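The file target_20.cif contains mmCIF, C-alpha atoms:
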```cif
data_start
loop_
_atom_site.label_atom_id
_atom_site.label_comp_id
_atom_site.auth_asym_id
_atom_site.auth_seq_id
_atom_site.Cartn_x
_atom_site.Cartn_y
_atom_site.Cartn_z
CA MET R 1 20.29 -23.10 -36.37
CA THR R 2 19.02 -25.41 -33.63
CA PRO R 3 15.31 -26.31 -33.31
CA THR R 4 15.29 -24.84 -29.81
CA PHE R 5 16.37 -21.45 -31.13
CA VAL R 6 13.75 -21.58 -33.90
CA LEU R 7 11.01 -22.35 -31.37
CA ALA R 8 12.19 -19.54 -29.09
CA ARG R 9 12.30 -17.05 -31.96
CA ASN R 10 8.84 -17.99 -33.25
CA ALA R 11 7.21 -18.25 -29.83
CA PRO R 12 4.51 -15.60 -29.26
CA ALA R 13 5.39 -12.76 -26.92
CA ALA R 14 3.80 -12.85 -23.47
CA GLU R 15 0.35 -11.25 -23.23
CA TYR R 16 1.17 -9.68 -19.87
CA ASP R 17 4.09 -9.08 -17.54
CA ARG R 18 4.42 -12.50 -15.95
CA SER R 19 7.31 -11.46 -13.71
CA LEU R 20 5.16 -8.71 -12.20
CA ALA R 21 2.27 -11.10 -11.62
CA TRP R 22 4.55 -13.70 -10.04
CA ALA R 23 6.20 -11.09 -7.79
CA GLY R 24 2.79 -10.08 -6.44
CA LEU R 25 1.65 -13.69 -6.00
CA LEU R 26 4.88 -14.69 -4.24
CA LEU R 27 4.54 -11.80 -1.79
CA ALA R 28 0.90 -12.71 -1.14
CA ALA R 29 1.70 -16.41 -0.67
CA THR R 30 4.57 -15.58 1.69
CA GLY R 31 2.25 -13.25 3.56
CA LEU R 32 -0.34 -16.01 3.97
CA VAL R 33 2.24 -18.34 5.51
CA MET R 34 3.67 -15.64 7.78
CA VAL R 35 0.23 -14.40 8.90
CA TYR R 36 -0.55 -17.94 10.04
CA SER R 37 2.79 -18.30 11.79
CA ALA R 38 2.59 -14.88 13.46
CA SER R 39 -1.01 -15.20 14.61
CA ILE R 40 -1.15 -18.72 16.09
CA ALA R 41 -0.46 -17.68 19.68
CA THR R 42 -2.83 -14.69 19.50
CA ALA R 43 -5.63 -16.77 17.99
CA GLU R 44 -5.30 -19.61 20.49
CA ALA R 45 -5.49 -17.24 23.45
CA ASN R 46 -8.45 -15.18 22.23
CA ARG R 47 -12.05 -16.06 23.01
CA TYR R 48 -13.18 -13.93 20.06
CA THR R 49 -11.50 -16.39 17.70
CA GLY R 50 -12.92 -19.41 19.53
CA ASN R 51 -9.36 -20.27 20.59
CA SER R 52 -8.79 -21.57 17.07
CA ALA R 53 -5.14 -21.43 15.96
CA ALA R 54 -6.16 -21.20 12.28
CA TRP R 55 -8.72 -18.38 12.71
CA PHE R 56 -6.58 -15.65 11.12
CA LEU R 57 -5.30 -18.07 8.48
CA VAL R 58 -8.83 -18.97 7.33
CA ARG R 59 -9.93 -15.33 7.18
CA HIS R 60 -6.77 -14.21 5.40
CA ALA R 61 -7.11 -17.05 2.87
CA THR R 62 -10.71 -15.97 2.30
CA PHE R 63 -9.62 -12.36 1.80
CA MET R 64 -6.97 -13.52 -0.64
CA THR R 65 -9.49 -15.53 -2.65
CA VAL R 66 -11.83 -12.53 -2.86
CA ALA R 67 -8.87 -10.31 -3.80
CA PHE R 68 -7.78 -12.68 -6.58
CA VAL R 69 -11.28 -12.89 -8.05
CA ALA R 70 -11.60 -9.09 -7.88
CA ALA R 71 -8.22 -8.71 -9.59
CA VAL R 72 -9.24 -11.02 -12.46
CA MET R 73 -12.44 -9.02 -12.97
CA VAL R 74 -10.60 -5.69 -12.82
CA PHE R 75 -8.04 -6.91 -15.37
CA LEU R 76 -10.88 -7.18 -17.90
CA VAL R 77 -11.81 -3.50 -17.52
CA PRO R 78 -10.14 -1.15 -20.08
CA VAL R 79 -7.97 1.62 -18.66
CA LYS R 80 -10.11 4.29 -20.37
CA VAL R 81 -13.03 3.16 -18.20
CA TRP R 82 -10.96 3.80 -15.06
CA GLN R 83 -10.17 7.27 -16.39
CA ARG R 84 -13.87 8.04 -16.81
CA LEU R 85 -14.68 6.65 -13.37
CA ALA R 86 -11.77 8.30 -11.51
CA PRO R 87 -13.66 11.44 -10.32
CA LEU R 88 -16.67 9.34 -9.24
CA LEU R 89 -14.47 6.85 -7.36
CA PHE R 90 -12.77 9.74 -5.57
CA VAL R 91 -16.12 11.22 -4.52
CA VAL R 92 -17.24 7.81 -3.26
CA GLY R 93 -13.98 7.51 -1.32
CA VAL R 94 -14.55 10.90 0.33
CA ALA R 95 -18.14 9.92 1.16
CA LEU R 96 -16.90 6.74 2.85
CA LEU R 97 -14.35 8.75 4.85
CA VAL R 98 -17.23 10.92 6.07
CA ALA R 99 -19.43 7.90 6.80
CA VAL R 100 -16.78 6.23 8.97
CA LEU R 101 -16.88 9.25 11.33
CA ILE R 102 -20.64 8.91 11.93
CA PRO R 103 -21.41 7.22 15.28
CA GLY R 104 -23.01 3.85 14.72
CA VAL R 105 -21.67 3.61 11.18
CA GLY R 106 -17.96 3.77 11.94
CA ARG R 107 -16.46 1.24 14.35
CA ASP R 108 -14.01 2.18 17.12
CA VAL R 109 -10.96 -0.07 17.49
CA ASN R 110 -8.15 0.88 19.92
CA GLY R 111 -9.29 4.49 20.03
CA ALA R 112 -9.44 4.95 16.24
CA ARG R 113 -12.52 4.99 14.04
CA ARG R 114 -11.26 3.63 10.72
CA TRP R 115 -13.69 0.84 9.85
CA LEU R 116 -17.26 0.78 8.56
CA ALA R 117 -19.34 -1.54 10.72
CA LEU R 118 -20.84 -3.79 8.05
CA PRO R 119 -22.77 -6.96 9.00
CA VAL R 120 -20.30 -9.47 7.52
CA LEU R 121 -16.91 -7.75 7.61
CA GLY R 122 -15.29 -4.39 8.24
CA VAL R 123 -14.24 -2.11 5.40
CA GLN R 124 -11.45 0.43 5.82
CA PRO R 125 -12.23 3.46 3.60
CA SER R 126 -8.68 4.83 3.84
CA GLU R 127 -7.43 1.76 1.93
CA LEU R 128 -9.93 2.40 -0.86
CA MET R 129 -8.92 6.07 -0.90
CA LYS R 130 -5.29 5.16 -1.67
CA LEU R 131 -6.32 3.75 -5.05
CA ALA R 132 -8.95 6.42 -5.66
CA ALA R 133 -6.42 9.19 -4.98
CA VAL R 134 -3.93 7.76 -7.49
CA LEU R 135 -6.58 7.43 -10.22
CA TYR R 136 -7.99 10.89 -9.52
CA ALA R 137 -4.56 12.55 -9.45
CA ALA R 138 -3.68 10.91 -12.79
CA ASP R 139 -6.98 12.00 -14.37
CA TYR R 140 -6.69 15.52 -12.91
CA THR R 141 -3.15 15.89 -14.25
CA VAL R 142 -4.17 14.82 -17.76
CA ARG R 143 -7.30 17.01 -17.83
CA ARG R 144 -5.56 20.14 -16.53
CA HIS R 145 -2.12 19.61 -18.03
CA SER R 146 -2.23 22.92 -19.94
CA VAL R 147 -2.62 24.91 -16.69
CA LEU R 148 -0.77 22.57 -14.34
CA LYS R 149 2.17 24.95 -13.91
CA SER R 150 -0.19 27.67 -12.69
CA PHE R 151 -0.65 27.71 -8.92
CA LYS R 152 -4.16 29.15 -8.99
CA LYS R 153 -5.58 27.01 -11.80
CA GLY R 154 -3.36 23.96 -11.54
CA LEU R 155 -2.18 23.17 -8.01
CA LEU R 156 -4.66 25.04 -5.80
CA PRO R 157 -7.82 23.04 -6.67
CA MET R 158 -6.03 19.75 -6.03
CA LEU R 159 -4.50 21.13 -2.84
CA VAL R 160 -7.92 22.12 -1.49
CA VAL R 161 -9.34 18.68 -2.25
CA MET R 162 -6.41 16.94 -0.56
CA LEU R 163 -6.73 19.18 2.50
CA VAL R 164 -10.33 18.00 2.87
CA VAL R 165 -9.21 14.37 2.61
CA SER R 166 -6.39 15.04 5.08
CA TRP R 167 -8.79 16.57 7.61
CA LEU R 168 -11.09 13.54 7.36
CA LEU R 169 -8.19 11.12 7.81
CA LEU R 170 -6.91 13.02 10.83
CA ARG R 171 -10.36 12.84 12.42
CA GLU R 172 -10.18 9.01 12.43
CA PRO R 173 -7.15 9.38 13.07
CA ASP R 174 -5.08 7.64 10.38
CA PHE R 175 -1.84 9.58 10.02
CA GLY R 176 -0.09 6.76 8.16
CA ALA R 177 -2.73 6.60 5.41
CA LEU R 178 -2.59 10.39 5.12
CA VAL R 179 1.17 10.31 4.48
CA VAL R 180 0.85 7.60 1.81
CA ILE R 181 -2.12 9.23 0.04
CA ALA R 182 -0.58 12.72 0.04
CA ALA R 183 2.80 11.42 -1.18
CA SER R 184 1.24 9.34 -3.97
CA ALA R 185 -1.14 12.06 -5.22
CA PHE R 186 1.37 14.90 -5.28
CA ALA R 187 4.08 12.67 -6.76
CA VAL R 188 1.72 11.98 -9.68
CA LEU R 189 1.19 15.72 -10.13
CA PHE R 190 4.95 16.33 -10.09
CA LEU R 191 5.62 13.56 -12.63
CA GLY R 192 2.81 14.99 -14.76
CA GLY R 193 4.52 18.37 -15.10
CA MET R 194 3.75 20.44 -12.00
CA ASN R 195 5.86 23.57 -11.52
CA GLY R 196 9.11 22.64 -9.74
CA ARG R 197 9.06 25.67 -7.45
CA HIS R 198 5.47 24.98 -6.46
CA PHE R 199 6.40 21.37 -5.72
CA CYS R 200 9.32 22.41 -3.49
CA ALA R 201 7.08 24.88 -1.66
CA LEU R 202 4.48 22.16 -1.26
CA LEU R 203 7.06 19.77 0.21
CA GLY R 204 8.09 22.43 2.70
CA MET R 205 4.48 23.09 3.65
CA LEU R 206 3.76 19.38 4.07
CA ALA R 207 6.86 18.89 6.19
CA ALA R 208 5.88 21.83 8.41
CA GLY R 209 2.32 20.54 8.67
CA PHE R 210 3.45 17.04 9.67
CA ALA R 211 5.85 18.52 12.22
CA LEU R 212 3.04 20.57 13.77
CA LEU R 213 0.80 17.50 13.90
CA VAL R 214 3.52 15.61 15.77
CA ILE R 215 4.23 18.44 18.19
CA ALA R 216 0.52 19.00 18.90
CA SER R 217 -0.12 15.33 19.66
CA PRO R 218 1.36 13.83 22.85
CA TYR R 219 1.10 10.21 21.65
CA ARG R 220 2.89 11.06 18.38
CA MET R 221 5.65 12.77 20.39
CA GLN R 222 5.98 9.62 22.49
CA ARG R 223 6.41 7.58 19.31
CA ILE R 224 9.15 9.93 18.12
CA PHE R 225 11.03 9.64 21.44
CA GLY R 226 10.47 5.88 21.46
CA TYR R 227 11.92 5.66 17.96
CA MET R 228 14.99 7.71 18.85
CA ASP R 229 15.82 5.55 21.89
CA PRO R 230 13.49 2.55 22.34
CA TRP R 231 15.60 1.16 25.19
CA ARG R 232 15.02 4.23 27.33
CA ASP R 233 11.44 3.07 27.93
CA PRO R 234 11.30 -0.56 26.72
CA PHE R 235 8.02 -1.26 28.56
CA GLY R 236 6.33 1.96 27.40
CA SER R 237 6.81 4.07 24.29
CA GLY R 238 9.67 1.87 23.02
CA TYR R 239 7.95 -1.46 23.61
CA GLN R 240 6.97 -2.37 20.03
CA LEU R 241 10.22 -1.21 18.46
CA SER R 242 12.44 -2.87 21.06
CA HIS R 243 10.76 -6.24 20.52
CA ALA R 244 10.89 -5.80 16.73
CA LEU R 245 14.64 -5.19 16.99
CA ILE R 246 15.02 -8.26 19.20
CA ALA R 247 13.22 -10.27 16.51
CA PHE R 248 15.60 -9.00 13.82
CA GLY R 249 18.58 -9.74 16.05
CA ARG R 250 17.45 -13.30 16.77
CA GLY R 251 16.92 -14.00 13.07
CA GLU R 252 20.53 -13.32 12.09
CA TRP R 253 21.34 -14.58 8.56
CA LEU R 254 18.89 -17.43 7.92
CA GLY R 255 16.47 -17.21 10.83
CA VAL R 256 15.49 -19.52 13.66
CA GLY R 257 13.17 -21.53 11.43
CA LEU R 258 9.59 -21.17 10.20
CA GLY R 259 7.20 -21.21 13.17
CA ALA R 260 9.98 -20.91 15.77
CA SER R 261 9.62 -17.19 16.55
CA VAL R 262 9.56 -16.26 20.22
CA GLU R 263 8.55 -12.62 19.78
CA LYS R 264 5.17 -13.58 18.29
CA LEU R 265 4.28 -15.31 21.59
CA HIS R 266 2.47 -12.24 23.00
CA TYR R 267 5.64 -10.12 23.13
CA LEU R 268 5.33 -8.26 19.82
CA PRO R 269 1.95 -6.49 19.42
CA GLU R 270 0.25 -6.61 16.01
CA ALA R 271 2.65 -9.32 14.89
CA HIS R 272 0.39 -10.44 12.01
CA THR R 273 -0.35 -6.90 10.75
CA ASP R 274 2.02 -3.96 11.25
CA PHE R 275 5.02 -6.03 12.46
CA LEU R 276 4.74 -9.03 10.18
CA LEU R 277 8.19 -8.30 8.73
CA ALA R 278 9.78 -8.56 12.19
CA VAL R 279 8.39 -12.08 12.63
CA LEU R 280 9.55 -12.96 9.11
CA ALA R 281 13.02 -11.63 9.95
CA GLU R 282 13.16 -13.74 13.12
CA GLU R 283 12.05 -16.93 11.39
CA LEU R 284 13.64 -16.53 7.93
CA GLY R 285 16.52 -14.20 8.74
CA LEU R 286 18.22 -11.61 6.59
CA GLY R 287 17.84 -13.90 3.58
CA GLY R 288 14.05 -13.87 3.83
CA VAL R 289 13.91 -10.10 4.34
CA ALA R 290 16.20 -9.57 1.34
CA VAL R 291 13.89 -11.63 -0.89
CA VAL R 292 10.85 -9.60 0.22
CA ILE R 293 12.68 -6.32 -0.43
CA ALA R 294 13.77 -7.57 -3.86
CA LEU R 295 10.20 -8.51 -4.81
CA PHE R 296 8.86 -5.09 -3.82
CA ALA R 297 11.72 -3.39 -5.69
CA TRP R 298 10.88 -5.44 -8.77
CA ILE R 299 7.20 -4.40 -8.62
CA VAL R 300 8.19 -0.72 -8.41
CA ALA R 301 10.73 -1.09 -11.24
CA ARG R 302 8.19 -2.83 -13.47
CA ALA R 303 5.57 -0.17 -12.68
CA PHE R 304 7.87 2.58 -13.94
CA ALA R 305 8.92 0.51 -16.97
CA ILE R 306 5.26 -0.02 -17.88
CA ALA R 307 4.67 3.71 -17.38
CA ARG R 308 7.50 4.54 -19.80
CA GLN R 309 6.00 2.23 -22.42
CA ALA R 310 2.57 3.82 -21.98
CA SER R 311 4.03 7.33 -22.18
CA SER R 312 5.87 6.49 -25.42
CA ARG R 313 2.45 5.68 -26.91
CA GLU R 314 0.97 8.94 -25.53
CA ARG R 315 -1.21 7.08 -23.03
CA HIS R 316 -0.64 9.69 -20.37
CA PHE R 317 -3.34 8.65 -17.89
CA ALA R 318 -2.14 5.05 -18.02
CA ALA R 319 1.47 6.14 -17.53
CA LEU R 320 0.69 8.33 -14.53
CA THR R 321 -1.53 5.66 -13.00
CA ALA R 322 1.24 3.06 -13.33
CA GLN R 323 3.73 5.43 -11.70
CA GLY R 324 1.26 6.31 -8.95
CA ILE R 325 0.63 2.65 -8.13
CA GLY R 326 4.37 1.96 -8.05
CA ILE R 327 5.00 4.93 -5.74
CA TRP R 328 2.11 4.02 -3.46
CA ILE R 329 3.06 0.36 -2.99
CA GLY R 330 6.78 1.08 -2.81
CA PHE R 331 6.41 3.99 -0.38
CA GLN R 332 4.05 2.13 1.96
CA ALA R 333 6.32 -0.93 1.93
CA PHE R 334 9.31 1.34 2.65
CA ILE R 335 7.55 2.94 5.63
CA ASN R 336 6.46 -0.41 7.07
CA MET R 337 9.94 -1.90 6.68
CA GLY R 338 11.54 1.23 8.10
CA VAL R 339 9.29 1.06 11.17
CA ASN R 340 10.03 -2.63 11.69
CA MET R 341 13.78 -2.03 11.41
CA GLY R 342 13.80 1.04 13.64
CA LEU R 343 14.68 3.41 10.78
CA LEU R 344 11.39 5.33 11.05
CA PRO R 345 9.04 6.21 13.93
CA THR R 346 6.36 3.65 14.75
CA LYS R 347 3.35 4.07 12.45
CA GLY R 348 0.32 1.89 11.90
CA LEU R 349 0.84 0.93 8.26
CA THR R 350 0.57 -2.62 6.99
CA LEU R 351 2.97 -4.30 4.56
CA PRO R 352 1.24 -4.30 1.14
CA LEU R 353 0.14 -7.69 -0.23
CA MET R 354 1.38 -9.48 2.91
CA SER R 355 -0.10 -8.21 6.18
CA TYR R 356 -3.40 -9.46 7.55
CA GLY R 357 -6.41 -7.38 6.53
CA GLY R 358 -9.19 -7.67 3.97
CA SER R 359 -9.54 -4.10 2.64
CA GLY R 360 -5.82 -3.56 2.12
CA LEU R 361 -5.28 -6.94 0.46
CA VAL R 362 -8.20 -6.53 -1.96
CA VAL R 363 -7.19 -2.98 -2.94
CA ASN R 364 -3.53 -4.03 -3.42
CA PHE R 365 -4.60 -6.87 -5.74
CA ILE R 366 -6.87 -4.50 -7.69
CA ALA R 367 -4.00 -2.03 -8.08
CA LEU R 368 -1.73 -4.77 -9.46
CA ALA R 369 -4.52 -5.86 -11.83
CA ILE R 370 -4.80 -2.31 -13.19
CA LEU R 371 -1.02 -2.24 -13.62
CA LEU R 372 -1.12 -5.56 -15.51
CA ARG R 373 -3.98 -4.24 -17.65
CA ILE R 374 -1.93 -1.18 -18.60
CA ASP R 375 0.94 -3.46 -19.59
CA TRP R 376 -1.43 -5.75 -21.54
CA GLU R 377 -2.79 -2.78 -23.50
CA ASN R 378 0.77 -1.61 -24.21
CA ARG R 379 1.58 -5.02 -25.69
CA GLN R 380 -1.63 -5.08 -27.74
CA LEU R 381 -0.82 -1.67 -29.22
CA ALA R 382 2.74 -2.80 -29.95
CA ARG R 383 1.26 -5.61 -32.06
CA GLY R 384 -0.88 -3.13 -33.97
CA LEU R 385 -4.07 -4.31 -32.27
CA HIS R 386 -6.74 -2.29 -30.47
CA ALA R 387 -6.39 -2.33 -26.67
#
```
Encoded form using structure tokens:
Amino acid sequence: MTPTFVLARNAPAAEYDRSLAWAGLLLAATGLVMVYSASIATAEANRYTGNSAAWFLVRHATFMTVAFVAAVMVFLVPVKVWQRLAPLLFVVGVALLVAVLIPGVGRDVNGARRWLALPVLGVQPSELMKLAAVLYAADYTVRRHSVLKSFKKGLLPMLVVMLVVSWLLLREPDFGALVVIAASAFAVLFLGGMNGRHFCALLGMLAAGFALLVIASPYRMQRIFGYMDPWRDPFGSGYQLSHALIAFGRGEWLGVGLGASVEKLHYLPEAHTDFLLAVLAEELGLGGVAVVIALFAWIVARAFAIARQASSRERHFAALTAQGIGIWIGFQAFINMGVNMGLLPTKGLTLPLMSYGGSGLVVNFIALAILLRIDWENRQLARGLHA
């Protein structure tokens, strides 16, 4: 037996899922580089930024530092504390969604009121609600598991609460956040044992509701038509998508080189937020996009693996929370990538862990920290220790 094998066999098991942590950090680091690359032209041409090319880079790096510190602090909080706080966090989230609609408190940007006008920075309550909804849905499912298959006692109360949240989000409006929050919350209920027929009926009702929202809104209809044929109106409804597709086409296999994107030079709107992946595709090519997709897929796979381990130890809230976080991050990443690639209609959703934005980045880091904490507690219990 070689010494190397002896050392490997006797080495202590990892305290946490290092591959999950590294996947999140790699996405965040890549996002920092791409935010800088995608925002240089916008920052230099904007008086608001003082014509500083590094303005978005400095702010995003600051957000990332705050997010990392918050994640370390959250990792130290036991999962049972999050279960106790879940209803309160959800109520706070709803209160913030109400506050953002109050004139003078909420800030209007491009016709939408989604940010709280705080003195130092803006906070987007819908980002906080994504995490709060996952925690609340997991806690609700565990508390009411015995009646979850009943429509009146199980599904209806949660449905009423989510309708209130949906109405508040539509008043902003933030249709993208509504889709992610509704999908994550009801997916947690389904995984927790909701009646299959009720779930199918709910899906049908949600699909009909979303269709009515699209039909009743002229600008959403324009986005649908622009998605179906962006070249029919390349300077109007199809403008963003057509330039995103040009970026993907220019990138080919390995890209035109970091910093060499043409589409970010005032052609592609929101290049450092909603369409960051298009700039990445142009500069790093299919290879770069494939790596990003693989990292997100790994985070989702690890989330469900951690959930299985928690469920095997009858830690049902932890398991549902892990699944909810995986669904939320994976689903939002899927929508953003689909929009960038022309597979889905244009929607204002950022790429988790990567796109520019303080609220989203901090909440994404906190979600990963909770996921790592669940995994850490699983490993502690496996060793016979108290979590």
Do a neighbour search on R:Val363 at 7 Å with all atoms listed in the file, toss out local chain neighbours closer than 4 positions, and write the hits as a PyMOL selection string.
chain R and resi 127-128+359+367
Please, what distance in Å, to one decimal, runs between atom CA of R:Arg302 and atom CA of R:Leu131?
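Value for the atom CA of R:Arg302-atom CA of R:Leu131 distance: 18.0 Å.
In this comparison, which uses only C-alpha atoms, the residue of R:Ala301, R:Leu85, R:Leu241, R:Leu368 approaching R:Gly338 most closely is R:Leu241.
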What is the atom CA of R:Gly24-atom CA of R:Thr65 distance in Å, reported with one decimal?
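Here the two named atoms are 14.0 Å from each other.
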Under the rule of at most 12 Å, produce a per-residue listing of stretch 259-366 of chain R near stretch 105-119 of chain R: chain, number, name, the closest pair of atoms, and the distance in Å, as JSON lines, using all atoms listed in the file.
```
{"residue": "R:Glu270", "atom": "CA", "partner": "R:Asn110", "partner_atom": "CA", "distance": 11.9}
{"residue": "R:Gly348", "atom": "CA", "partner": "R:Ala112", "partner_atom": "CA", "distance": 11.1}
{"residue": "R:Gly357", "atom": "CA", "partner": "R:Trp115", "partner_atom": "CA", "distance": 11.5}
{"residue": "R:Gly358", "atom": "CA", "partner": "R:Trp115", "partner_atom": "CA", "distance": 11.3}
{"residue": "R:Ser359", "atom": "CA", "partner": "R:Trp115", "partner_atom": "CA", "distance": 9.7}
{"residue": "R:Gly360", "atom": "CA", "partner": "R:Trp115", "partner_atom": "CA", "distance": 11.9}
```
One decimal, Å: what's the distance from atom CA of R:Pro352 over to atom CA of R:Gln323, could you say?
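Atom-to-atom, atom CA of R:Pro352 to atom CA of R:Gln323, that is 16.3 Å.
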Residue with the minimum atom-to-atom distance to R:His145, picked from R:Phe317, R:Phe68, R:Tyr219, R:Phe334 with only C-alpha atoms counted, is R:Phe317
Would you list the contacts of R:Gly238 as a list in words, taking every protein, DNA or RNA residue within 12 Å and counting only C-alpha atoms, but skipping same-chain residues closer than 3 positions in sequence?
Met221, Gln222, Arg223, Ile224, Phe225, Gly226, Tyr227, Met228, Asp229, Pro230, Trp231, Arg232, Asp233, Pro234, Phe235, Leu241, Ser242, His243, Ala244, Leu245, Leu268, Pro269, Val339, Gly342, Pro345 and Thr346 of chain R
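When the PyMOL selection byres ((chain R and resi 256) around 12) is evaluated against the file, it yields R:Ala247, R:Phe248, R:Gly249, R:Arg250, R:Gly251, R:Glu252, R:Trp253, R:Leu254, R:Gly255, R:Gly257, R:Leu258, R:Gly259, R:Ala260, R:Ser261, R:Val262, R:Glu263, R:Val279, R:Leu280, R:Ala281, R:Glu282, R:Glu283, R:Leu284, R:Gly285, R:Leu286, R:Gly287, R:Gly288.
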Now that the selection is made, can you save its residues with C-alpha atoms as a PDB file, keeping the file's coordinate frame?
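The new file selection.pdb reads:
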```pdb
ATOM      1  CA  ALA R 247      13.220 -10.270  16.510  1.00  0.00           C
ATOM      2  CA  PHE R 248      15.600  -9.000  13.820  1.00  0.00           C
ATOM      3  CA  GLY R 249      18.580  -9.740  16.050  1.00  0.00           C
ATOM      4  CA  ARG R 250      17.450 -13.300  16.770  1.00  0.00           C
ATOM      5  CA  GLY R 251      16.920 -14.000  13.070  1.00  0.00           C
ATOM      6  CA  GLU R 252      20.530 -13.320  12.090  1.00  0.00           C
ATOM      7  CA  TRP R 253      21.340 -14.580   8.560  1.00  0.00           C
ATOM      8  CA  LEU R 254      18.890 -17.430   7.920  1.00  0.00           C
ATOM      9  CA  GLY R 255      16.470 -17.210  10.830  1.00  0.00           C
ATOM     10  CA  GLY R 257      13.170 -21.530  11.430  1.00  0.00           C
ATOM     11  CA  LEU R 258       9.590 -21.170  10.200  1.00  0.00           C
ATOM     12  CA  GLY R 259       7.200 -21.210  13.170  1.00  0.00           C
ATOM     13  CA  ALA R 260       9.980 -20.910  15.770  1.00  0.00           C
ATOM     14  CA  SER R 261       9.620 -17.190  16.550  1.00  0.00           C
ATOM     15  CA  VAL R 262       9.560 -16.260  20.220  1.00  0.00           C
ATOM     16  CA  GLU R 263       8.550 -12.620  19.780  1.00  0.00           C
ATOM     17  CA  VAL R 279       8.390 -12.080  12.630  1.00  0.00           C
ATOM     18  CA  LEU R 280       9.550 -12.960   9.110  1.00  0.00           C
ATOM     19  CA  ALA R 281      13.020 -11.630   9.950  1.00  0.00           C
ATOM     20  CA  GLU R 282      13.160 -13.740  13.120  1.00  0.00           C
ATOM     21  CA  GLU R 283      12.050 -16.930  11.390  1.00  0.00           C
ATOM     22  CA  LEU R 284      13.640 -16.530   7.930  1.00  0.00           C
ATOM     23  CA  GLY R 285      16.520 -14.200   8.740  1.00  0.00           C
ATOM     24  CA  LEU R 286      18.220 -11.610   6.590  1.00  0.00           C
ATOM     25  CA  GLY R 287      17.840 -13.900   3.580  1.00  0.00           C
ATOM     26  CA  GLY R 288      14.050 -13.870   3.830  1.00  0.00           C
TER      27      GLY R 288
END
```
Can you tell me, as a compact mmCIF listing (two decimals) with C-alpha atoms, keeping the file's coordinate frame, what residues are no more than 7 Å from R:Trp328 when counting all atoms listed in the file, ignoring any on the same chain fewer than 4 positions away?
```txt
# COMPACT_ATOMS: atom_id res chain seq x y z
CA VAL R 180 0.85 7.60 1.81
CA SER R 184 1.24 9.34 -3.97
CA GLY R 324 1.26 6.31 -8.95
CA GLN R 332 4.05 2.13 1.96
```
